[in-house]
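Shown next: query-v5.pdb, containing PDB, C-alpha atoms, pLDDT in the B column.
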ATOM      1  CA  MET K   1     100.771  72.286  92.265  1.00 78.00           C
ATOM      2  CA  ARG K   2     101.202  74.799  89.422  1.00 81.00           C
ATOM      3  CA  ARG K   3     103.962  77.415  89.399  1.00 86.00           C
ATOM      4  CA  LEU K   4     102.713  80.448  87.527  1.00 87.00           C
ATOM      5  CA  ALA K   5     103.662  84.051  86.876  1.00 88.00           C
ATOM      6  CA  GLY K   6     101.291  86.962  86.310  1.00 87.00           C
ATOM      7  CA  ILE K   7     102.547  89.124  83.461  1.00 88.00           C
ATOM      8  CA  GLN K   8     101.558  92.100  81.352  1.00 88.00           C
ATOM      9  CA  MET K   9     102.716  91.873  77.745  1.00 89.00           C
ATOM     10  CA  LEU K  10     104.348  94.682  75.771  1.00 91.00           C
ATOM     11  CA  SER K  11     104.520  94.965  71.985  1.00 89.00           C
ATOM     12  CA  PRO K  12     107.359  96.272  69.793  1.00 90.00           C
ATOM     13  CA  VAL K  13     106.927  99.637  68.064  1.00 91.00           C
ATOM     14  CA  ASN K  14     107.922 100.067  64.400  1.00 88.00           C
ATOM     15  CA  SER K  15     107.829  96.285  63.856  1.00 89.00           C
ATOM     16  CA  GLY K  16     110.727  95.899  66.294  1.00 88.00           C
ATOM     17  CA  ARG K  17     113.191  97.853  64.141  1.00 91.00           C
ATOM     18  CA  PRO K  18     115.700 100.000  66.105  1.00 90.00           C
ATOM     19  CA  PHE K  19     115.221 103.773  65.881  1.00 89.00           C
ATOM     20  CA  ASP K  20     117.948 105.667  64.010  1.00 87.00           C
ATOM     21  CA  ILE K  21     118.404 108.246  66.763  1.00 86.00           C
ATOM     22  CA  HIS K  22     119.519 105.823  69.479  1.00 86.00           C
ATOM     23  CA  SER K  23     119.583 102.408  67.775  1.00 89.00           C
ATOM     24  CA  LEU K  24     117.288 100.956  70.381  1.00 91.00           C
ATOM     25  CA  VAL K  25     114.013  99.087  70.019  1.00 93.00           C
ATOM     26  CA  MET K  26     110.940 100.701  71.539  1.00 93.00           C
ATOM     27  CA  VAL K  27     108.124  98.709  73.154  1.00 92.00           C
ATOM     28  CA  GLN K  28     104.694  99.849  74.247  1.00 91.00           C
ATOM     29  CA  LEU K  29     101.715  98.821  76.300  1.00 87.00           C
ATOM     30  CA  ARG K  30      98.854  98.454  73.860  1.00 77.00           C
ATOM     31  CA  GLU K  31      95.409  99.822  74.656  1.00 74.00           C
ATOM     32  CA  ASP K  32      93.890  96.388  74.251  1.00 71.00           C
ATOM     33  CA  ALA K  33      96.560  94.600  76.308  1.00 70.00           C
ATOM     34  CA  ARG K  34      95.266  92.352  79.036  1.00 72.00           C
ATOM     35  CA  GLU K  35      95.992  93.721  82.503  1.00 73.00           C
ATOM     36  CA  PHE K  36      97.076  90.319  83.777  1.00 80.00           C
ATOM     37  CA  THR K  37      98.045  87.108  81.979  1.00 87.00           C
ATOM     38  CA  LEU K  38      99.005  83.848  83.687  1.00 88.00           C
ATOM     39  CA  VAL K  39     101.902  81.846  82.226  1.00 89.00           C
ATOM     40  CA  ASP K  40     104.089  78.973  83.386  1.00 88.00           C
ATOM     41  CA  ILE K  41     107.318  80.193  84.986  1.00 88.00           C
ATOM     42  CA  GLY K  42     109.242  77.917  82.602  1.00 88.00           C
ATOM     43  CA  THR K  43     108.441  80.318  79.739  1.00 89.00           C
ATOM     44  CA  ILE K  44     110.328  83.193  81.402  1.00 90.00           C
ATOM     45  CA  LEU K  45     113.823  83.493  79.934  1.00 90.00           C
ATOM     46  CA  GLY K  46     115.523  86.205  81.986  1.00 88.00           C
ATOM     47  CA  LEU K  47     115.556  89.828  83.044  1.00 89.00           C
ATOM     48  CA  ALA K  48     115.148  92.714  80.594  1.00 90.00           C
ATOM     49  CA  HIS K  49     116.080  96.341  81.232  1.00 90.00           C
ATOM     50  CA  LEU K  50     113.615  98.950  79.976  1.00 91.00           C
ATOM     51  CA  ILE K  51     113.997 102.743  80.027  1.00 91.00           C
ATOM     52  CA  PRO K  52     110.769 104.757  80.301  1.00 91.00           C
ATOM     53  CA  GLU K  53     110.145 106.820  77.158  1.00 90.00           C
ATOM     54  CA  GLY K  54     106.895 108.734  77.389  1.00 84.00           C
ATOM     55  CA  ASP K  55     103.451 107.438  78.214  1.00 84.00           C
ATOM     56  CA  ARG K  56     103.172 103.641  78.143  1.00 87.00           C
ATOM     57  CA  ARG K  57     106.361 103.347  76.084  1.00 91.00           C
ATOM     58  CA  TRP K  58     109.850 102.088  76.936  1.00 92.00           C
ATOM     59  CA  LEU K  59     113.195 101.670  75.217  1.00 93.00           C
ATOM     60  CA  PHE K  60     114.671  98.190  75.415  1.00 91.00           C
ATOM     61  CA  ASN K  61     118.224  98.641  76.685  1.00 87.00           C
ATOM     62  CA  SER K  62     120.254  96.115  74.706  1.00 84.00           C
ATOM     63  CA  ARG K  63     123.604  97.574  75.827  1.00 82.00           C
ATOM     64  CA  ILE K  64     123.465  96.969  79.548  1.00 79.00           C
ATOM     65  CA  ASP K  65     125.499  94.198  81.135  1.00 76.00           C
ATOM     66  CA  LEU K  66     122.838  92.481  83.183  1.00 73.00           C
ATOM     67  CA  ARG K  67     125.313  90.648  85.430  1.00 73.00           C
ATOM     68  CA  PRO K  68     126.395  93.670  87.539  1.00 74.00           C
ATOM     69  CA  PHE K  69     122.896  95.113  87.209  1.00 71.00           C
ATOM     70  CA  ASN K  70     121.445  91.918  88.620  1.00 71.00           C
ATOM     71  CA  GLU K  71     124.006  91.743  91.422  1.00 70.00           C
ATOM     72  CA  SER K  72     123.734  95.331  92.603  1.00 68.00           C
ATOM     73  CA  TYR K  73     120.069  96.126  92.149  1.00 64.00           C
TER      74      TYR K  73
ATOM     75  CA  MET Q   1     101.925  82.493  92.260  1.00 53.00           C
ATOM     76  CA  ARG Q   2     101.863  78.879  93.319  1.00 55.00           C
ATOM     77  CA  LEU Q   3      98.702  76.791  93.511  1.00 55.00           C
ATOM     78  CA  LEU Q   4      98.900  74.530  96.540  1.00 58.00           C
ATOM     79  CA  ASN Q   5      97.921  70.887  96.541  1.00 59.00           C
ATOM     80  CA  LEU Q   6      95.720  69.526  99.299  1.00 59.00           C
ATOM     81  CA  ASN Q   7      98.509  68.007 101.376  1.00 61.00           C
ATOM     82  CA  SER Q   8     100.542  71.209 101.310  1.00 61.00           C
ATOM     83  CA  HIS Q   9      97.534  73.173 102.425  1.00 59.00           C
ATOM     84  CA  ARG Q  10      96.633  70.766 105.240  1.00 62.00           C
ATOM     85  CA  GLY Q  11     100.225  70.888 106.414  1.00 61.00           C
ATOM     86  CA  ARG Q  12      99.853  74.628 106.916  1.00 61.00           C
ATOM     87  CA  GLY Q  13      96.679  74.210 108.959  1.00 60.00           C
ATOM     88  CA  GLY Q  14      94.286  75.230 106.180  1.00 62.00           C
ATOM     89  CA  ASN Q  15      90.518  74.858 106.600  1.00 65.00           C
ATOM     90  CA  LEU Q  16      88.423  74.612 103.434  1.00 65.00           C
ATOM     91  CA  GLY Q  17      84.807  73.901 102.539  1.00 67.00           C
ATOM     92  CA  ASP Q  18      83.596  70.491 101.312  1.00 68.00           C
ATOM     93  CA  ASP Q  19      83.147  71.633  97.685  1.00 67.00           C
ATOM     94  CA  VAL Q  20      86.713  72.953  97.511  1.00 64.00           C
ATOM     95  CA  LEU Q  21      88.093  69.841  99.200  1.00 64.00           C
ATOM     96  CA  GLY Q  22      86.148  67.685  96.754  1.00 65.00           C
ATOM     97  CA  TYR Q  23      87.733  69.456  93.820  1.00 62.00           C
ATOM     98  CA  LEU Q  24      91.213  69.188  95.288  1.00 60.00           C
ATOM     99  CA  ASP Q  25      90.814  65.493  96.082  1.00 61.00           C
ATOM    100  CA  LYS Q  26      89.827  64.821  92.482  1.00 59.00           C
ATOM    101  CA  THR Q  27      92.541  66.819  90.798  1.00 56.00           C
ATOM    102  CA  THR Q  28      95.671  66.965  92.915  1.00 52.00           C
ATOM    103  CA  SER Q  29      98.410  64.453  93.471  1.00 47.00           C
ATOM    104  CA  THR Q  30     100.623  64.040  96.511  1.00 46.00           C
ATOM    105  CA  VAL Q  31     103.766  64.606  94.442  1.00 46.00           C
ATOM    106  CA  SER Q  32     104.757  68.124  93.488  1.00 49.00           C
ATOM    107  CA  THR Q  33     106.027  68.662  89.969  1.00 50.00           C
ATOM    108  CA  PRO Q  34     109.645  69.870  89.892  1.00 50.00           C
ATOM    109  CA  ALA Q  35     110.307  73.532  89.156  1.00 53.00           C
ATOM    110  CA  PRO Q  36     110.624  73.892  85.379  1.00 57.00           C
ATOM    111  CA  ARG Q  37     114.137  74.378  83.999  1.00 65.00           C
ATOM    112  CA  GLY Q  38     115.686  75.204  87.355  1.00 79.00           C
ATOM    113  CA  ARG Q  39     113.481  78.206  88.052  1.00 81.00           C
ATOM    114  CA  ILE Q  40     112.842  78.811  91.734  1.00 82.00           C
ATOM    115  CA  LEU Q  41     110.112  80.898  93.320  1.00 83.00           C
ATOM    116  CA  LYS Q  42     111.041  82.595  96.592  1.00 81.00           C
ATOM    117  CA  ARG Q  43     109.883  85.111  99.190  1.00 80.00           C
ATOM    118  CA  ARG Q  44     106.422  83.927 100.046  1.00 79.00           C
ATOM    119  CA  ARG Q  45     103.970  86.491 101.345  1.00 78.00           C
ATOM    120  CA  ASP Q  46     102.239  85.283 104.480  1.00 77.00           C
ATOM    121  CA  ASP Q  47      99.135  87.426 104.004  1.00 78.00           C
ATOM    122  CA  VAL Q  48      97.911  85.604 100.889  1.00 75.00           C
ATOM    123  CA  SER Q  49      96.086  82.283 101.043  1.00 77.00           C
ATOM    124  CA  ASP Q  50      93.427  82.534  98.318  1.00 77.00           C
ATOM    125  CA  ARG Q  51      92.485  84.642  95.316  1.00 78.00           C
ATOM    126  CA  LEU Q  52      90.643  87.203  97.448  1.00 78.00           C
ATOM    127  CA  ASP Q  53      93.874  88.025  99.292  1.00 80.00           C
ATOM    128  CA  PHE Q  54      95.767  87.835  96.018  1.00 79.00           C
ATOM    129  CA  CYS Q  55      93.759  90.587  94.326  1.00 80.00           C
ATOM    130  CA  LYS Q  56      93.981  92.851  97.395  1.00 79.00           C
ATOM    131  CA  VAL Q  57      97.777  92.657  97.420  1.00 77.00           C
ATOM    132  CA  LEU Q  58      98.262  93.103  93.677  1.00 76.00           C
ATOM    133  CA  GLY Q  59      95.511  95.683  93.133  1.00 78.00           C
ATOM    134  CA  ILE Q  60      93.824  93.597  90.407  1.00 81.00           C
ATOM    135  CA  SER Q  61      90.108  92.882  90.366  1.00 83.00           C
ATOM    136  CA  LEU Q  62      88.903  89.460  91.478  1.00 83.00           C
ATOM    137  CA  ASP Q  63      86.908  89.071  88.240  1.00 84.00           C
ATOM    138  CA  ARG Q  64      90.045  89.604  86.186  1.00 85.00           C
ATOM    139  CA  ILE Q  65      92.022  87.057  88.200  1.00 84.00           C
ATOM    140  CA  CYS Q  66      89.232  84.456  87.982  1.00 85.00           C
ATOM    141  CA  LEU Q  67      88.801  85.006  84.235  1.00 87.00           C
ATOM    142  CA  GLU Q  68      92.517  84.687  83.633  1.00 87.00           C
ATOM    143  CA  SER Q  69      92.735  81.555  85.807  1.00 87.00           C
ATOM    144  CA  ILE Q  70      89.976  79.958  83.729  1.00 89.00           C
ATOM    145  CA  ARG Q  71      91.667  80.987  80.477  1.00 89.00           C
ATOM    146  CA  TYR Q  72      94.959  79.497  81.646  1.00 88.00           C
ATOM    147  CA  SER Q  73      93.231  76.310  82.764  1.00 88.00           C
ATOM    148  CA  ARG Q  74      91.418  75.831  79.436  1.00 89.00           C
ATOM    149  CA  HIS Q  75      94.539  76.400  77.345  1.00 88.00           C
ATOM    150  CA  ASN Q  76      97.165  74.637  79.429  1.00 86.00           C
ATOM    151  CA  LEU Q  77      95.691  71.902  81.614  1.00 85.00           C
ATOM    152  CA  PRO Q  78      94.358  68.482  80.591  1.00 85.00           C
ATOM    153  CA  THR Q  79      90.586  68.170  80.891  1.00 83.00           C
ATOM    154  CA  GLU Q  80      90.668  66.047  84.040  1.00 82.00           C
ATOM    155  CA  ARG Q  81      92.852  68.535  85.897  1.00 81.00           C
ATOM    156  CA  ARG Q  82      91.222  71.809  84.921  1.00 85.00           C
ATOM    157  CA  LEU Q  83      90.226  74.392  87.495  1.00 83.00           C
ATOM    158  CA  PRO Q  84      86.550  74.659  88.444  1.00 81.00           C
ATOM    159  CA  GLU Q  85      84.821  77.536  86.667  1.00 83.00           C
ATOM    160  CA  GLU Q  86      82.311  78.294  89.408  1.00 83.00           C
ATOM    161  CA  PRO Q  87      83.509  81.602  90.907  1.00 80.00           C
ATOM    162  CA  ALA Q  88      82.552  80.591  94.455  1.00 80.00           C
ATOM    163  CA  ILE Q  89      84.871  77.555  94.360  1.00 82.00           C
ATOM    164  CA  LEU Q  90      87.586  79.185  92.297  1.00 80.00           C
ATOM    165  CA  GLN Q  91      87.930  82.105  94.681  1.00 79.00           C
ATOM    166  CA  LEU Q  92      88.573  79.801  97.617  1.00 80.00           C
ATOM    167  CA  LEU Q  93      91.169  77.478  96.093  1.00 82.00           C
ATOM    168  CA  PRO Q  94      94.400  77.881  98.036  1.00 83.00           C
ATOM    169  CA  VAL Q  95      97.223  79.854  96.448  1.00 84.00           C
ATOM    170  CA  GLU Q  96     100.568  81.206  97.562  1.00 86.00           C
ATOM    171  CA  LEU Q  97     102.052  84.482  96.375  1.00 87.00           C
ATOM    172  CA  LEU Q  98     105.815  84.602  95.927  1.00 89.00           C
ATOM    173  CA  THR Q  99     107.557  87.778  94.900  1.00 87.00           C
ATOM    174  CA  GLN Q 100     110.885  86.571  93.521  1.00 89.00           C
ATOM    175  CA  LEU Q 101     111.715  84.249  90.644  1.00 91.00           C
ATOM    176  CA  GLU Q 102     115.272  82.994  90.179  1.00 90.00           C
ATOM    177  CA  ILE Q 103     116.033  82.259  86.528  1.00 89.00           C
ATOM    178  CA  PRO Q 104     119.248  80.509  85.462  1.00 90.00           C
ATOM    179  CA  VAL Q 105     120.605  82.210  82.323  1.00 87.00           C
ATOM    180  CA  LEU Q 106     123.567  80.830  80.388  1.00 86.00           C
ATOM    181  CA  ALA Q 107     126.578  83.110  80.922  1.00 83.00           C
ATOM    182  CA  PHE Q 108     128.126  84.897  77.936  1.00 80.00           C
ATOM    183  CA  GLN Q 109     130.349  82.556  75.879  1.00 83.00           C
ATOM    184  CA  GLU Q 110     129.876  79.716  78.354  1.00 83.00           C
ATOM    185  CA  THR Q 111     128.230  76.363  77.868  1.00 85.00           C
ATOM    186  CA  ASP Q 112     127.831  75.199  81.441  1.00 84.00           C
ATOM    187  CA  VAL Q 113     128.019  78.337  83.597  1.00 85.00           C
ATOM    188  CA  TYR Q 114     124.804  80.089  84.549  1.00 86.00           C
ATOM    189  CA  ASP Q 115     124.038  83.540  85.919  1.00 85.00           C
ATOM    190  CA  ILE Q 116     121.044  83.693  88.219  1.00 87.00           C
ATOM    191  CA  HIS Q 117     118.642  86.497  87.339  1.00 88.00           C
ATOM    192  CA  ARG Q 118     116.365  87.491  90.206  1.00 88.00           C
ATOM    193  CA  ALA Q 119     113.100  88.907  88.896  1.00 90.00           C
ATOM    194  CA  ARG Q 120     111.030  90.573  91.587  1.00 89.00           C
ATOM    195  CA  CYS Q 121     107.393  91.630  91.581  1.00 86.00           C
ATOM    196  CA  THR Q 122     105.992  93.374  94.643  1.00 83.00           C
ATOM    197  CA  GLY Q 123     102.746  94.591  93.069  1.00 77.00           C
ATOM    198  CA  THR Q 124     101.637  97.779  94.778  1.00 76.00           C
ATOM    199  CA  HIS Q 125     103.796  97.149  97.852  1.00 78.00           C
ATOM    200  CA  ARG Q 126     107.091  98.873  98.558  1.00 82.00           C
ATOM    201  CA  PHE Q 127     110.421  97.088  98.052  1.00 84.00           C
ATOM    202  CA  ARG Q 128     112.972  97.635 100.847  1.00 84.00           C
ATOM    203  CA  ASN Q 129     111.259 100.873 101.897  1.00 84.00           C
ATOM    204  CA  GLN Q 130     111.583 102.245  98.381  1.00 84.00           C
ATOM    205  CA  ALA Q 131     109.130 102.311  95.477  1.00 83.00           C
ATOM    206  CA  SER Q 132     107.402  99.113  94.399  1.00 82.00           C
ATOM    207  CA  ARG Q 133     109.428  96.873  92.122  1.00 84.00           C
ATOM    208  CA  ASN Q 134     107.964  95.041  89.138  1.00 87.00           C
ATOM    209  CA  ASP Q 135     110.787  93.825  86.909  1.00 89.00           C
ATOM    210  CA  CYS Q 136     110.665  93.359  83.146  1.00 91.00           C
ATOM    211  CA  VAL Q 137     111.536  89.958  81.758  1.00 90.00           C
ATOM    212  CA  TRP Q 138     111.730  88.128  78.470  1.00 90.00           C
ATOM    213  CA  TYR Q 139     108.974  85.642  77.927  1.00 88.00           C
ATOM    214  CA  ARG Q 140     108.732  82.988  75.215  1.00 86.00           C
ATOM    215  CA  PRO Q 141     105.373  81.454  74.428  1.00 80.00           C
ATOM    216  CA  GLU Q 142     105.343  78.190  72.513  1.00 63.00           C
ATOM    217  CA  ALA Q 143     105.928  79.553  69.014  1.00 48.00           C
ATOM    218  CA  ARG Q 144     107.014  83.170  69.268  1.00 47.00           C
ATOM    219  CA  ARG Q 145     109.008  85.520  71.465  1.00 47.00           C
ATOM    220  CA  SER Q 146     107.511  88.546  73.209  1.00 51.00           C
ATOM    221  CA  MET Q 147     108.470  90.938  75.927  1.00 55.00           C
ATOM    222  CA  MET Q 148     106.513  91.571  79.073  1.00 58.00           C
ATOM    223  CA  ARG Q 149     106.829  93.299  82.385  1.00 56.00           C
TER     224      ARG Q 149
END
Reformat the file's structure so that it appears as structure tokens.
Amino acid sequence: MRRLAGIQMLSPVNSGRPFDIHSLVMVQLREDAREFTLVDIGTILGLAHLIPEGDRRWLFNSRIDLRPFNESY
Amino acid sequence: MRLLNLNSHRGRGGNLGDDVLGYLDKTTSTVSTPAPRGRILKRRRDDVSDRLDFCKVLGISLDRICLESIRYSRHNLPTERRLPEEPAILQLLPVELLTQLEIPVLAFQETDVYDIHRARCTGTHRFRNQASRNDCVWYRPEARRSMMR
């Protein structure tokens, strides 16, 4: 029995450096990204909180406390 | 997604063709491997038993799922346990679809206390009568760290 997760990978914008305006890292869905990638569930580290920012782009919210977020949502 | 072994599938009253059964007899063991690093899959969908059902629920093409299954098999499984690459057999291998993964995450400034993160993925289906829910998570391949959703 194999325990797998289907994922879609995102890539950092600006080499992963935070933007001056909000000090957050932006990630994007690349044009050549695979629609579906299988990985072992052991490689998944935890939840991330992303804020939509335009078409196929998100801001990685590094300020949120994921404990109440995880409990209430 | 969880690939079922033959005994699990028989226990649920499954009925498979001889070619699929032959593959499963060769490659599966009667002992399930433990969930890696305490991660637990939950909330099984009862309407998914093979890859055909799987692609209907998630809205992904069957070709894409088969190709990705083969890629995973080639890169991650030992030769004697790889998935068959004939589409007719691959499509019919039993699978389960689970929509929640519990991930133990070390609590802030603790060494032995863990928070449980519940990552959910409902595909195109609604979550609790609201919009679909497909959570973002951190993922670490063998040598580098990436983000995915």
Expressed in Å to a single decimal, how great is the separation between CA of Asp50 in chain Q and CA of Arg2 in chain K?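 The value is 14.1 Å.
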What's the 8 Å shell around range 14-25 of chain K, counting only C-alpha atoms, without same-chain residues fewer than 6 positions away, as a PyMOL selection string? chain K and resi 59-62
Counting all atoms listed in the file, which residues of chain K fall within 9 Å of chain Q, and what is the closest atom pair for each with its distance in Å at one decimal, ordered by chain and rising number, as a Markdown table?
| residue | atom | partner | partner_atom | distance |
| --- | --- | --- | --- | --- |
| K:Met1 | CA | Q:Leu3 | CA | 5.1 |
| K:Arg2 | CA | Q:Leu3 | CA | 5.2 |
| K:Arg3 | CA | Q:Arg2 | CA | 4.7 |
| K:Leu4 | CA | Q:Met1 | CA | 5.2 |
| K:Ala5 | CA | Q:Met1 | CA | 5.9 |
| K:Gly6 | CA | Q:Met1 | CA | 7.5 |
| K:Ile7 | CA | Q:Arg149 | CA | 6.1 |
| K:Gln8 | CA | Q:Met148 | CA | 5.5 |
| K:Met9 | CA | Q:Met148 | CA | 4.0 |
| K:Leu10 | CA | Q:Met148 | CA | 5.0 |
| K:Ser11 | CA | Q:Met147 | CA | 6.9 |
| K:Pro12 | CA | Q:Met147 | CA | 8.2 |
| K:Val27 | CA | Q:Met147 | CA | 8.3 |
| K:Glu35 | CA | Q:Arg64 | CA | 8.1 |
| K:Phe36 | CA | Q:Glu68 | CA | 7.2 |
| K:Thr37 | CA | Q:Glu68 | CA | 6.3 |
| K:Leu38 | CA | Q:Tyr72 | CA | 6.3 |
| K:Val39 | CA | Q:Tyr72 | CA | 7.4 |
| K:Asp40 | CA | Q:Pro36 | CA | 8.5 |
| K:Ile41 | CA | Q:Pro36 | CA | 7.1 |
| K:Gly42 | CA | Q:Pro36 | CA | 5.1 |
| K:Thr43 | CA | Q:Arg140 | CA | 5.3 |
| K:Ile44 | CA | Q:Tyr139 | CA | 4.5 |
| K:Leu45 | CA | Q:Trp138 | CA | 5.3 |
| K:Gly46 | CA | Q:Val137 | CA | 5.5 |
| K:Leu47 | CA | Q:Val137 | CA | 4.2 |
| K:Ala48 | CA | Q:Val137 | CA | 4.7 |
| K:His49 | CA | Q:Cys136 | CA | 6.5 |
| K:Leu50 | CA | Q:Cys136 | CA | 7.1 |
| K:Leu66 | CA | Q:His117 | CA | 8.4 |
| K:Arg67 | CA | Q:Asp115 | CA | 7.2 |
| K:Asn70 | CA | Q:His117 | CA | 6.2 |
| K:Glu71 | CA | Q:His117 | CA | 8.5 |
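Here CA of Gly54 in chain K is placed at a distance of 13.5 Å from CA of Arg30 in chain K.
For the pair CA of Leu92 in chain Q and CA of Arg51 in chain Q, the separation is 6.6 Å.
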